[in-house]
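S.K.: mmCIF, N, CA and C atoms, file coords_10.cif:
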data_data
loop_
_atom_site.label_atom_id
_atom_site.label_comp_id
_atom_site.auth_asym_id
_atom_site.auth_seq_id
_atom_site.Cartn_x
_atom_site.Cartn_y
_atom_site.Cartn_z
N MET A 17 126.35 121.04 44.20
CA MET A 17 125.45 121.72 45.12
C MET A 17 125.89 123.16 45.40
N ALA A 18 127.13 123.49 45.02
CA ALA A 18 127.60 124.85 45.23
C ALA A 18 126.79 125.87 44.43
N ARG A 19 126.10 125.42 43.39
CA ARG A 19 125.29 126.31 42.56
C ARG A 19 123.86 126.46 43.05
N PHE A 20 123.56 125.92 44.22
CA PHE A 20 122.24 126.07 44.82
C PHE A 20 122.34 127.08 45.96
N ALA A 21 121.71 128.23 45.80
CA ALA A 21 121.74 129.25 46.85
C ALA A 21 120.89 128.80 48.03
N ALA A 22 121.43 128.93 49.22
CA ALA A 22 120.73 128.49 50.42
C ALA A 22 120.88 129.53 51.52
N GLY A 23 119.87 129.61 52.37
CA GLY A 23 119.95 130.48 53.53
C GLY A 23 121.02 130.03 54.49
N VAL A 24 121.41 130.90 55.40
CA VAL A 24 122.48 130.61 56.35
C VAL A 24 121.94 130.73 57.76
N VAL A 25 122.23 129.71 58.58
CA VAL A 25 121.79 129.70 59.97
C VAL A 25 122.97 129.35 60.88
N VAL A 26 122.84 129.74 62.12
CA VAL A 26 123.74 129.26 63.17
C VAL A 26 122.88 128.43 64.11
N VAL A 27 123.36 127.22 64.40
CA VAL A 27 122.64 126.28 65.26
C VAL A 27 123.44 126.13 66.55
N THR A 28 122.75 126.23 67.69
CA THR A 28 123.44 126.22 68.98
C THR A 28 122.73 125.32 69.98
N THR A 29 123.50 124.86 70.95
CA THR A 29 122.95 124.09 72.06
C THR A 29 123.90 124.21 73.24
N LEU A 30 123.57 123.54 74.33
CA LEU A 30 124.46 123.46 75.48
C LEU A 30 124.85 122.01 75.69
N GLY A 31 126.13 121.77 75.91
CA GLY A 31 126.62 120.42 76.14
C GLY A 31 126.67 120.11 77.62
N ASP A 32 127.34 119.02 77.94
CA ASP A 32 127.52 118.63 79.33
C ASP A 32 128.14 119.77 80.12
N GLY A 33 127.63 120.01 81.29
CA GLY A 33 128.16 121.07 82.13
C GLY A 33 127.78 122.46 81.66
N GLY A 34 126.88 122.56 80.68
CA GLY A 34 126.42 123.86 80.21
C GLY A 34 127.33 124.54 79.21
N SER A 35 128.31 123.80 78.66
CA SER A 35 129.22 124.42 77.69
C SER A 35 128.50 124.63 76.36
N PRO A 36 128.54 125.86 75.81
CA PRO A 36 127.85 126.15 74.56
C PRO A 36 128.57 125.52 73.37
N ARG A 37 127.79 125.04 72.41
CA ARG A 37 128.32 124.43 71.19
C ARG A 37 127.48 124.94 70.03
N GLY A 38 128.09 125.06 68.84
CA GLY A 38 127.33 125.54 67.70
C GLY A 38 128.08 125.43 66.39
N PHE A 39 127.34 125.65 65.31
CA PHE A 39 127.92 125.57 63.97
C PHE A 39 127.08 126.40 62.99
N THR A 40 127.68 126.76 61.88
CA THR A 40 126.99 127.43 60.78
C THR A 40 126.52 126.37 59.81
N ALA A 41 125.32 126.55 59.27
CA ALA A 41 124.79 125.59 58.30
C ALA A 41 124.04 126.32 57.18
N SER A 42 124.11 125.75 55.99
CA SER A 42 123.26 126.20 54.89
C SER A 42 122.29 125.08 54.50
N SER A 43 122.46 123.93 55.12
CA SER A 43 121.54 122.81 54.89
C SER A 43 120.46 122.84 55.98
N PHE A 44 119.48 123.70 55.76
CA PHE A 44 118.40 123.94 56.71
C PHE A 44 117.12 124.09 55.92
N CYS A 45 116.04 123.46 56.35
CA CYS A 45 114.76 123.66 55.67
C CYS A 45 113.59 123.23 56.55
N SER A 46 112.42 123.68 56.14
CA SER A 46 111.18 123.28 56.78
C SER A 46 110.84 121.87 56.33
N VAL A 47 110.36 121.04 57.25
CA VAL A 47 109.99 119.67 56.94
C VAL A 47 108.48 119.50 56.99
N SER A 48 107.83 120.07 58.00
CA SER A 48 106.41 119.85 58.22
C SER A 48 105.80 121.05 58.92
N LEU A 49 104.54 121.34 58.56
CA LEU A 49 103.81 122.41 59.23
C LEU A 49 103.10 121.88 60.47
N ARG A 50 102.54 120.66 60.38
CA ARG A 50 101.84 120.03 61.49
C ARG A 50 102.36 118.63 61.69
N PRO A 51 103.17 118.36 62.66
CA PRO A 51 103.72 119.32 63.62
C PRO A 51 104.81 120.16 62.96
N PRO A 52 105.15 121.31 63.55
CA PRO A 52 106.18 122.17 62.96
C PRO A 52 107.57 121.54 63.13
N LEU A 53 108.12 121.05 62.01
CA LEU A 53 109.43 120.40 62.03
C LEU A 53 110.37 121.08 61.06
N ILE A 54 111.63 121.17 61.47
CA ILE A 54 112.70 121.68 60.59
C ILE A 54 113.81 120.64 60.58
N LEU A 55 114.71 120.78 59.62
CA LEU A 55 115.90 119.94 59.65
C LEU A 55 117.14 120.76 59.38
N VAL A 56 118.23 120.29 59.90
CA VAL A 56 119.54 120.87 59.66
C VAL A 56 120.53 119.70 59.59
N CYS A 57 121.55 119.85 58.77
CA CYS A 57 122.54 118.78 58.62
C CYS A 57 123.87 119.23 59.21
N LEU A 58 124.53 118.30 59.90
CA LEU A 58 125.80 118.57 60.57
C LEU A 58 126.81 117.50 60.16
N ALA A 59 128.01 117.94 59.77
CA ALA A 59 129.07 117.00 59.39
C ALA A 59 129.49 116.16 60.58
N ASN A 60 129.71 114.88 60.33
CA ASN A 60 130.19 113.98 61.38
C ASN A 60 131.54 114.42 61.93
N SER A 61 132.31 115.17 61.14
CA SER A 61 133.64 115.62 61.54
C SER A 61 133.61 116.94 62.32
N ALA A 62 132.44 117.53 62.52
CA ALA A 62 132.34 118.82 63.22
C ALA A 62 132.75 118.68 64.68
N ASP A 63 133.37 119.73 65.20
CA ASP A 63 133.77 119.75 66.62
C ASP A 63 132.58 119.51 67.54
N SER A 64 131.41 119.98 67.14
CA SER A 64 130.23 119.90 68.00
C SER A 64 129.37 118.67 67.72
N PHE A 65 129.81 117.77 66.86
CA PHE A 65 128.99 116.62 66.47
C PHE A 65 128.52 115.81 67.68
N ALA A 66 129.41 115.44 68.57
CA ALA A 66 129.03 114.59 69.71
C ALA A 66 127.96 115.26 70.57
N THR A 67 128.06 116.57 70.75
CA THR A 67 127.07 117.28 71.56
C THR A 67 125.71 117.26 70.89
N PHE A 68 125.67 117.53 69.58
CA PHE A 68 124.38 117.53 68.88
C PHE A 68 123.84 116.12 68.68
N ALA A 69 124.70 115.12 68.74
CA ALA A 69 124.25 113.73 68.63
C ALA A 69 123.52 113.27 69.89
N SER A 70 123.63 114.05 70.98
CA SER A 70 122.99 113.63 72.23
C SER A 70 122.13 114.71 72.90
N CYS A 71 122.10 115.92 72.37
CA CYS A 71 121.34 116.99 73.03
C CYS A 71 119.84 116.77 72.89
N GLY A 72 119.06 117.42 73.74
CA GLY A 72 117.61 117.32 73.68
C GLY A 72 116.95 118.54 73.05
N HIS A 73 117.65 119.68 73.07
CA HIS A 73 117.13 120.94 72.54
C HIS A 73 118.22 121.67 71.78
N PHE A 74 117.82 122.49 70.84
CA PHE A 74 118.77 123.36 70.14
C PHE A 74 118.03 124.59 69.63
N ALA A 75 118.80 125.62 69.29
CA ALA A 75 118.24 126.85 68.75
C ALA A 75 118.80 127.07 67.35
N VAL A 76 117.99 127.68 66.50
CA VAL A 76 118.40 128.03 65.14
C VAL A 76 118.22 129.53 64.97
N SER A 77 119.27 130.21 64.51
CA SER A 77 119.23 131.64 64.23
C SER A 77 119.41 131.84 62.74
N VAL A 78 118.40 132.41 62.07
CA VAL A 78 118.47 132.70 60.64
C VAL A 78 119.18 134.04 60.48
N LEU A 79 120.24 134.05 59.65
CA LEU A 79 121.13 135.20 59.59
C LEU A 79 120.85 136.17 58.45
N GLY A 80 121.16 137.44 58.73
CA GLY A 80 121.14 138.50 57.73
C GLY A 80 122.56 138.90 57.39
N PRO A 81 122.76 139.79 56.41
CA PRO A 81 124.10 140.20 55.98
C PRO A 81 124.99 140.72 57.10
N GLU A 82 124.39 141.39 58.08
CA GLU A 82 125.18 141.96 59.18
C GLU A 82 125.79 140.89 60.08
N HIS A 83 125.35 139.65 59.91
CA HIS A 83 125.85 138.55 60.74
C HIS A 83 127.00 137.78 60.09
N ARG A 84 127.52 138.26 59.00
CA ARG A 84 128.59 137.54 58.29
C ARG A 84 129.75 137.18 59.21
N PRO A 85 130.28 138.10 60.05
CA PRO A 85 131.38 137.71 60.93
C PRO A 85 131.03 136.53 61.84
N LEU A 86 129.80 136.49 62.34
CA LEU A 86 129.38 135.36 63.18
C LEU A 86 129.26 134.08 62.37
N ALA A 87 128.73 134.18 61.15
CA ALA A 87 128.63 133.00 60.28
C ALA A 87 130.02 132.42 60.03
N GLU A 88 130.98 133.28 59.75
CA GLU A 88 132.35 132.83 59.51
C GLU A 88 132.96 132.22 60.76
N ARG A 89 132.72 132.86 61.89
CA ARG A 89 133.27 132.38 63.16
C ARG A 89 132.71 130.99 63.50
N PHE A 90 131.41 130.79 63.36
CA PHE A 90 130.81 129.50 63.68
C PHE A 90 131.12 128.44 62.63
N ALA A 91 131.62 128.84 61.47
CA ALA A 91 132.00 127.89 60.43
C ALA A 91 133.47 127.49 60.53
N THR A 92 134.23 128.15 61.40
CA THR A 92 135.66 127.92 61.52
C THR A 92 135.97 126.92 62.62
N LYS A 93 136.53 125.81 62.23
CA LYS A 93 136.89 124.76 63.19
C LYS A 93 137.94 125.31 64.17
N GLY A 94 137.70 125.12 65.46
CA GLY A 94 138.64 125.55 66.49
C GLY A 94 138.52 127.01 66.90
N ALA A 95 137.62 127.77 66.27
CA ALA A 95 137.46 129.19 66.62
C ALA A 95 136.76 129.34 67.97
N ASP A 96 136.96 130.48 68.62
CA ASP A 96 136.24 130.80 69.86
C ASP A 96 134.86 131.28 69.45
N LYS A 97 133.96 130.37 69.20
CA LYS A 97 132.65 130.68 68.65
C LYS A 97 131.79 131.48 69.61
N PHE A 98 132.01 131.34 70.89
CA PHE A 98 131.13 131.97 71.86
C PHE A 98 131.76 133.18 72.54
N ALA A 99 132.63 133.88 71.83
CA ALA A 99 133.07 135.19 72.31
C ALA A 99 131.79 136.02 72.47
N PRO A 100 131.73 136.91 73.45
CA PRO A 100 130.45 137.53 73.81
C PRO A 100 129.80 138.42 72.74
N ASP A 101 130.56 138.97 71.83
CA ASP A 101 129.96 139.91 70.88
C ASP A 101 129.01 139.22 69.90
N GLY A 102 127.83 139.82 69.74
CA GLY A 102 126.86 139.35 68.76
C GLY A 102 125.96 138.22 69.21
N LEU A 103 126.07 137.80 70.46
CA LEU A 103 125.26 136.67 70.92
C LEU A 103 124.27 137.10 72.00
N SER A 104 123.23 136.33 72.13
CA SER A 104 122.21 136.56 73.16
C SER A 104 121.77 135.19 73.68
N ARG A 105 120.71 135.16 74.44
CA ARG A 105 120.16 133.90 74.96
C ARG A 105 118.68 133.81 74.58
N THR A 106 118.23 132.62 74.29
CA THR A 106 116.81 132.38 74.04
C THR A 106 116.08 132.41 75.38
N PRO A 107 114.75 132.49 75.37
CA PRO A 107 114.02 132.41 76.65
C PRO A 107 114.33 131.14 77.43
N GLY A 108 114.69 130.06 76.73
CA GLY A 108 115.04 128.80 77.39
C GLY A 108 116.50 128.72 77.81
N GLY A 109 117.28 129.79 77.57
CA GLY A 109 118.66 129.83 78.02
C GLY A 109 119.71 129.34 77.03
N LEU A 110 119.31 128.99 75.80
CA LEU A 110 120.31 128.57 74.82
C LEU A 110 120.96 129.78 74.17
N PRO A 111 122.21 129.66 73.77
CA PRO A 111 122.83 130.76 73.04
C PRO A 111 122.17 130.93 71.68
N ALA A 112 122.14 132.17 71.20
CA ALA A 112 121.56 132.49 69.89
C ALA A 112 122.26 133.73 69.35
N VAL A 113 122.01 134.03 68.08
CA VAL A 113 122.59 135.21 67.45
C VAL A 113 121.69 136.40 67.72
N ALA A 114 122.24 137.43 68.34
CA ALA A 114 121.48 138.65 68.63
C ALA A 114 121.02 139.29 67.33
N GLY A 115 119.75 139.66 67.26
CA GLY A 115 119.22 140.34 66.09
C GLY A 115 119.01 139.45 64.88
N ALA A 116 118.93 138.14 65.08
CA ALA A 116 118.70 137.22 63.96
C ALA A 116 117.36 137.54 63.31
N LEU A 117 117.23 137.21 62.01
CA LEU A 117 115.97 137.43 61.31
C LEU A 117 114.86 136.59 61.93
N VAL A 118 115.21 135.37 62.28
CA VAL A 118 114.29 134.44 62.96
C VAL A 118 115.10 133.67 63.98
N GLU A 119 114.51 133.43 65.12
CA GLU A 119 115.13 132.59 66.15
C GLU A 119 114.14 131.49 66.49
N LEU A 120 114.58 130.24 66.37
CA LEU A 120 113.71 129.09 66.63
C LEU A 120 114.21 128.30 67.82
N ASP A 121 113.28 127.89 68.68
CA ASP A 121 113.57 126.95 69.75
C ASP A 121 113.11 125.59 69.25
N CYS A 122 113.97 124.58 69.36
CA CYS A 122 113.62 123.26 68.85
C CYS A 122 113.91 122.17 69.87
N GLU A 123 113.01 121.20 69.91
CA GLU A 123 113.22 119.97 70.66
C GLU A 123 113.64 118.92 69.64
N VAL A 124 114.62 118.10 69.95
CA VAL A 124 115.05 117.08 69.00
C VAL A 124 113.89 116.10 68.77
N HIS A 125 113.53 115.94 67.51
CA HIS A 125 112.46 115.03 67.09
C HIS A 125 113.04 113.71 66.58
N ALA A 126 114.17 113.81 65.84
CA ALA A 126 114.81 112.61 65.28
C ALA A 126 116.21 112.97 64.81
N ARG A 127 117.03 111.94 64.71
CA ARG A 127 118.38 112.04 64.13
C ARG A 127 118.51 110.91 63.13
N HIS A 128 119.11 111.21 61.98
CA HIS A 128 119.30 110.19 60.96
C HIS A 128 120.72 110.29 60.40
N PRO A 129 121.45 109.18 60.34
CA PRO A 129 122.75 109.21 59.67
C PRO A 129 122.52 109.37 58.17
N ALA A 130 123.38 110.15 57.52
CA ALA A 130 123.26 110.36 56.08
C ALA A 130 124.66 110.58 55.51
N GLY A 131 125.32 109.51 55.11
CA GLY A 131 126.68 109.63 54.58
C GLY A 131 127.61 110.20 55.63
N ASP A 132 128.27 111.29 55.30
CA ASP A 132 129.22 111.91 56.24
C ASP A 132 128.57 113.01 57.08
N HIS A 133 127.24 113.01 57.14
CA HIS A 133 126.49 114.00 57.92
C HIS A 133 125.43 113.31 58.78
N MET A 134 124.90 114.08 59.72
CA MET A 134 123.75 113.68 60.50
C MET A 134 122.63 114.66 60.17
N ILE A 135 121.44 114.13 59.90
CA ILE A 135 120.26 114.96 59.72
C ILE A 135 119.60 115.08 61.09
N LEU A 136 119.52 116.31 61.56
CA LEU A 136 118.93 116.60 62.87
C LEU A 136 117.57 117.25 62.62
N ILE A 137 116.51 116.57 63.05
CA ILE A 137 115.17 117.10 62.86
C ILE A 137 114.68 117.64 64.20
N GLY A 138 114.22 118.88 64.17
CA GLY A 138 113.74 119.53 65.38
C GLY A 138 112.28 119.90 65.29
N ARG A 139 111.59 119.72 66.39
CA ARG A 139 110.20 120.19 66.49
C ARG A 139 110.25 121.59 67.07
N VAL A 140 109.72 122.55 66.32
CA VAL A 140 109.78 123.94 66.73
C VAL A 140 108.80 124.16 67.89
N SER A 141 109.34 124.63 69.01
CA SER A 141 108.51 124.88 70.19
C SER A 141 108.35 126.37 70.47
N GLY A 142 109.09 127.21 69.75
CA GLY A 142 108.98 128.65 69.91
C GLY A 142 109.68 129.35 68.76
N ALA A 143 109.18 130.53 68.40
CA ALA A 143 109.78 131.30 67.31
C ALA A 143 109.66 132.78 67.61
N ARG A 144 110.72 133.50 67.26
CA ARG A 144 110.72 134.95 67.40
C ARG A 144 111.22 135.54 66.09
N LEU A 145 110.50 136.56 65.58
CA LEU A 145 110.84 137.22 64.33
C LEU A 145 111.41 138.59 64.61
N SER A 146 112.38 139.01 63.80
CA SER A 146 112.93 140.36 63.95
C SER A 146 111.89 141.37 63.46
N GLU A 147 112.08 142.61 63.82
CA GLU A 147 111.18 143.68 63.39
C GLU A 147 111.35 143.93 61.89
N GLY A 148 110.26 143.97 61.16
CA GLY A 148 110.29 144.30 59.73
C GLY A 148 110.94 143.21 58.88
N ALA A 149 110.68 143.28 57.60
CA ALA A 149 111.28 142.34 56.65
C ALA A 149 112.69 142.81 56.32
N ARG A 150 113.65 141.93 56.51
CA ARG A 150 115.04 142.27 56.23
C ARG A 150 115.61 141.27 55.24
N THR A 151 116.74 141.61 54.67
CA THR A 151 117.39 140.77 53.67
C THR A 151 118.13 139.61 54.33
N PRO A 152 117.95 138.39 53.82
CA PRO A 152 118.68 137.25 54.38
C PRO A 152 120.07 137.13 53.75
N MET A 153 120.94 136.44 54.44
CA MET A 153 122.24 136.07 53.89
C MET A 153 122.06 134.72 53.21
N VAL A 154 122.78 134.52 52.11
CA VAL A 154 122.74 133.23 51.42
C VAL A 154 124.16 132.72 51.20
N TYR A 155 124.25 131.42 50.98
CA TYR A 155 125.52 130.78 50.68
C TYR A 155 125.43 130.27 49.26
N TYR A 156 126.37 130.70 48.40
CA TYR A 156 126.35 130.33 46.98
C TYR A 156 127.78 130.32 46.46
N GLU A 157 128.12 129.27 45.72
CA GLU A 157 129.47 129.14 45.15
C GLU A 157 130.55 129.27 46.22
N LYS A 158 130.33 128.59 47.36
CA LYS A 158 131.29 128.52 48.46
C LYS A 158 131.62 129.87 49.09
N ALA A 159 130.64 130.78 49.07
CA ALA A 159 130.84 132.11 49.67
C ALA A 159 129.52 132.63 50.23
N PHE A 160 129.61 133.44 51.29
CA PHE A 160 128.43 134.11 51.84
C PHE A 160 128.10 135.29 50.92
N ARG A 161 126.83 135.40 50.55
CA ARG A 161 126.40 136.45 49.63
C ARG A 161 125.11 137.06 50.15
N PHE A 162 124.71 138.14 49.48
CA PHE A 162 123.55 138.88 49.93
C PHE A 162 122.63 139.14 48.75
N LEU A 163 121.34 139.13 48.99
CA LEU A 163 120.38 139.42 47.94
C LEU A 163 120.26 140.93 47.77
N ALA A 164 120.16 141.37 46.53
CA ALA A 164 120.04 142.82 46.26
C ALA A 164 118.60 143.24 46.20
#
If you convert what's in this file into structure tokens, what do you get?
M.R.:
Amino acid sequence: MARFAAGVVVVTTLGDGGSPRGFTASSFCSVSLRPPLILVCLANSADSFATFASCGHFAVSVLGPEHRPLAERFATKGADKFAPDGLSRTPGGLPAVAGALVELDCEVHARHPAGDHMILIGRVSGARLSEGARTPMVYYEKAFRFLA
């Protein structure tokens, strides 16, 4: 699967007591137009697994090349993912990546176990697009890359 280029997103939510949790993912795609559903996969071993296994809402930020440091930070186990630089809040109060290409608000629609991952399906309840068409970041051959 390392030879399949995929977009890069940061997925965030709030845990018990309002503590922010999040992770970087390249396993993200559209599932349905009506109703608007997306999916993202999270490793069972992720620090944030328990929070996403029980949350009711989450946000997805689609990343561009300028977000590489945030993608790396959210992909690093044990990192201070929510240092203030580069982050913002959604209208619903969830953390998100400032200046993301797309920002989605999602309500949890379903969760499915899948091997060593959980498939998290979200119903999109809100979307915000960045100004103008910009280049997305992709993950290919175990590295973050950019389209020319």
S.K.: With all atoms listed in the file as the atoms that count, which of A:Gly138, A:Thr151, A:Lys158, A:Gly34 lies nearest to Pro81 (chain A)?
M.R.: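 Selected residue with least distance to Pro81 (chain A): A:Thr151.
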S.K.: What would the selection look like, as a PyMOL selection string, if the PyMOL selection byres (((chain A and resi 95-101 and name CA) around 9) and name CA) were run on the coordinates I just shared?
M.R.: chain A and resi 36-39+86+89-94+102-104+111+114
S.K.: Selected by the PyMOL selection byres ((chain A and resi 73) around 6) in the shown coordinates: which residues, as a list in words?
M.R.: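 Selected by the PyMOL selection byres ((chain A and resi 73) around 6) here: Thr29, Cys71, Gly72, Phe74, Ala75, Cys122, Glu123 and Val124 of chain A.
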S.K.: Between CA of Gly131 (chain A) and CA of Thr28 (chain A), what is the distance in Å, rounded to a tenth?
M.R.: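 Computed distance, CA of Gly131 (chain A) to CA of Thr28 (chain A), equals 22.2 Å.
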S.K.: Could you go through region 38-149 of chain A and tell me which residues DSSP, when run on the backbone, assigns to alpha helix (DSSP H), listing them as a JSON list (two decimals) with N, CA and C atoms, in the coordinates of the input?
M.R.:
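File written: part-v4.json
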[["chain", "number", "residue", "atom", "x", "y", "z"],
["A", 65, "PHE", "N", 129.81, 117.77, 66.86],
["A", 65, "PHE", "CA", 128.99, 116.62, 66.47],
["A", 65, "PHE", "C", 128.52, 115.81, 67.68],
["A", 66, "ALA", "N", 129.41, 115.44, 68.57],
["A", 66, "ALA", "CA", 129.03, 114.59, 69.71],
["A", 66, "ALA", "C", 127.96, 115.26, 70.57],
["A", 67, "THR", "N", 128.06, 116.57, 70.75],
["A", 67, "THR", "CA", 127.07, 117.28, 71.56],
["A", 67, "THR", "C", 125.71, 117.26, 70.89],
["A", 68, "PHE", "N", 125.67, 117.53, 69.58],
["A", 68, "PHE", "CA", 124.38, 117.53, 68.88],
["A", 68, "PHE", "C", 123.84, 116.12, 68.68],
["A", 84, "ARG", "N", 127.52, 138.26, 59.00],
["A", 84, "ARG", "CA", 128.59, 137.54, 58.29],
["A", 84, "ARG", "C", 129.75, 137.18, 59.21],
["A", 85, "PRO", "N", 130.28, 138.10, 60.05],
["A", 85, "PRO", "CA", 131.38, 137.71, 60.93],
["A", 85, "PRO", "C", 131.03, 136.53, 61.84],
["A", 86, "LEU", "N", 129.80, 136.49, 62.34],
["A", 86, "LEU", "CA", 129.38, 135.36, 63.18],
["A", 86, "LEU", "C", 129.26, 134.08, 62.37],
["A", 87, "ALA", "N", 128.73, 134.18, 61.15],
["A", 87, "ALA", "CA", 128.63, 133.00, 60.28],
["A", 87, "ALA", "C", 130.02, 132.42, 60.03],
["A", 88, "GLU", "N", 130.98, 133.28, 59.75],
["A", 88, "GLU", "CA", 132.35, 132.83, 59.51],
["A", 88, "GLU", "C", 132.96, 132.22, 60.76],
["A", 89, "ARG", "N", 132.72, 132.86, 61.89],
["A", 89, "ARG", "CA", 133.27, 132.38, 63.16],
["A", 89, "ARG", "C", 132.71, 130.99, 63.50],
["A", 90, "PHE", "N", 131.41, 130.79, 63.36],
["A", 90, "PHE", "CA", 130.81, 129.50, 63.68],
["A", 90, "PHE", "C", 131.12, 128.44, 62.63],
["A", 91, "ALA", "N", 131.62, 128.84, 61.47],
["A", 91, "ALA", "CA", 132.00, 127.89, 60.43],
["A", 91, "ALA", "C", 133.47, 127.49, 60.53]]
S.K.: Given the PyMOL selection byres ((chain A and resi 78) around 6.5) and the file above, list the residues it selects as a PyMOL selection string.
M.R.: chain A and resi 24-26+76-77+79-80+116-120
S.K.: Between CA of Ala59 (chain A) and CA of Asp32 (chain A), what is the spacing in Å?
M.R.: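 Spanning CA of Asp32 (chain A) to CA of Ala59 (chain A) is a straight-line distance of 20.1 Å.
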S.K.: For Leu58 (chain A), find every residue with an atom within 6.5 Å (counting all atoms listed in the file), except residues of its own chain fewer than 2 positions away, and show them as a ChimeraX atom specification.
M.R.: /A:56,60-62,132-136
S.K.: Could you check how far atom N of His83 (chain A) sits from atom N of Ile137 (chain A), in Å to one decimal?
M.R.: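 Distance between the two atoms: 24.9 Å.
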S.K.: Could you check the closest approach to Gly23 (chain A) for each of A:Ala41, A:Ala149, A:Ser35, A:Pro51 and tell me which residue wins, using all atoms listed in the file?
M.R.: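 Of A:Ala41, A:Ala149, A:Ser35, A:Pro51, the one nearest Gly23 (chain A) is A:Ala41, counting all atoms listed in the file.
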S.K.: Give me the residues within 8 Å of Leu53 (chain A) as a PyMOL selection string, counting all atoms listed in the file and dropping any in the same chain fewer than 6 places off.
M.R.: chain A and resi 45-47+125+137-141
S.K.: So, counting only C-alpha atoms, which residue among A:Leu30, A:Arg19, A:Ser48, A:Met153 is closest to Thr106 (chain A)?
M.R.: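 Using only C-alpha atoms, the shortest distance to Thr106 (chain A) belongs to A:Leu30.
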S.K.: Apply DSSP to the backbone of this structure and, from region 35-69 of chain A, keep only the residues in strand (DSSP E); write these as number ranges by chain.
M.R.: A: 36-41, 44-48, 53-59
S.K.: Do you know which residues lie at most 9 Å from (131.0, 125.4, 43.4), with coordinates as in the file and only C-alpha atoms counted, and could you write them as a VMD selection string?
M.R.: chain A and resid 17 to 20 156 to 158
S.K.: Mind dumping the selected residues with N, CA and C atoms as a compact mmCIF listing (two decimals), in the frame of the given file?
M.R.:
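Saved result, out.txt, follows:
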# COMPACT_ATOMS: atom_id res chain seq x y z
N MET A 17 126.35 121.04 44.20
CA MET A 17 125.45 121.72 45.12
C MET A 17 125.89 123.16 45.40
N ALA A 18 127.13 123.49 45.02
CA ALA A 18 127.60 124.85 45.23
C ALA A 18 126.79 125.87 44.43
N ARG A 19 126.10 125.42 43.39
CA ARG A 19 125.29 126.31 42.56
C ARG A 19 123.86 126.46 43.05
N PHE A 20 123.56 125.92 44.22
CA PHE A 20 122.24 126.07 44.82
C PHE A 20 122.34 127.08 45.96
N TYR A 156 126.37 130.70 48.40
CA TYR A 156 126.35 130.33 46.98
C TYR A 156 127.78 130.32 46.46
N GLU A 157 128.12 129.27 45.72
CA GLU A 157 129.47 129.14 45.15
C GLU A 157 130.55 129.27 46.22
N LYS A 158 130.33 128.59 47.36
CA LYS A 158 131.29 128.52 48.46
C LYS A 158 131.62 129.87 49.09
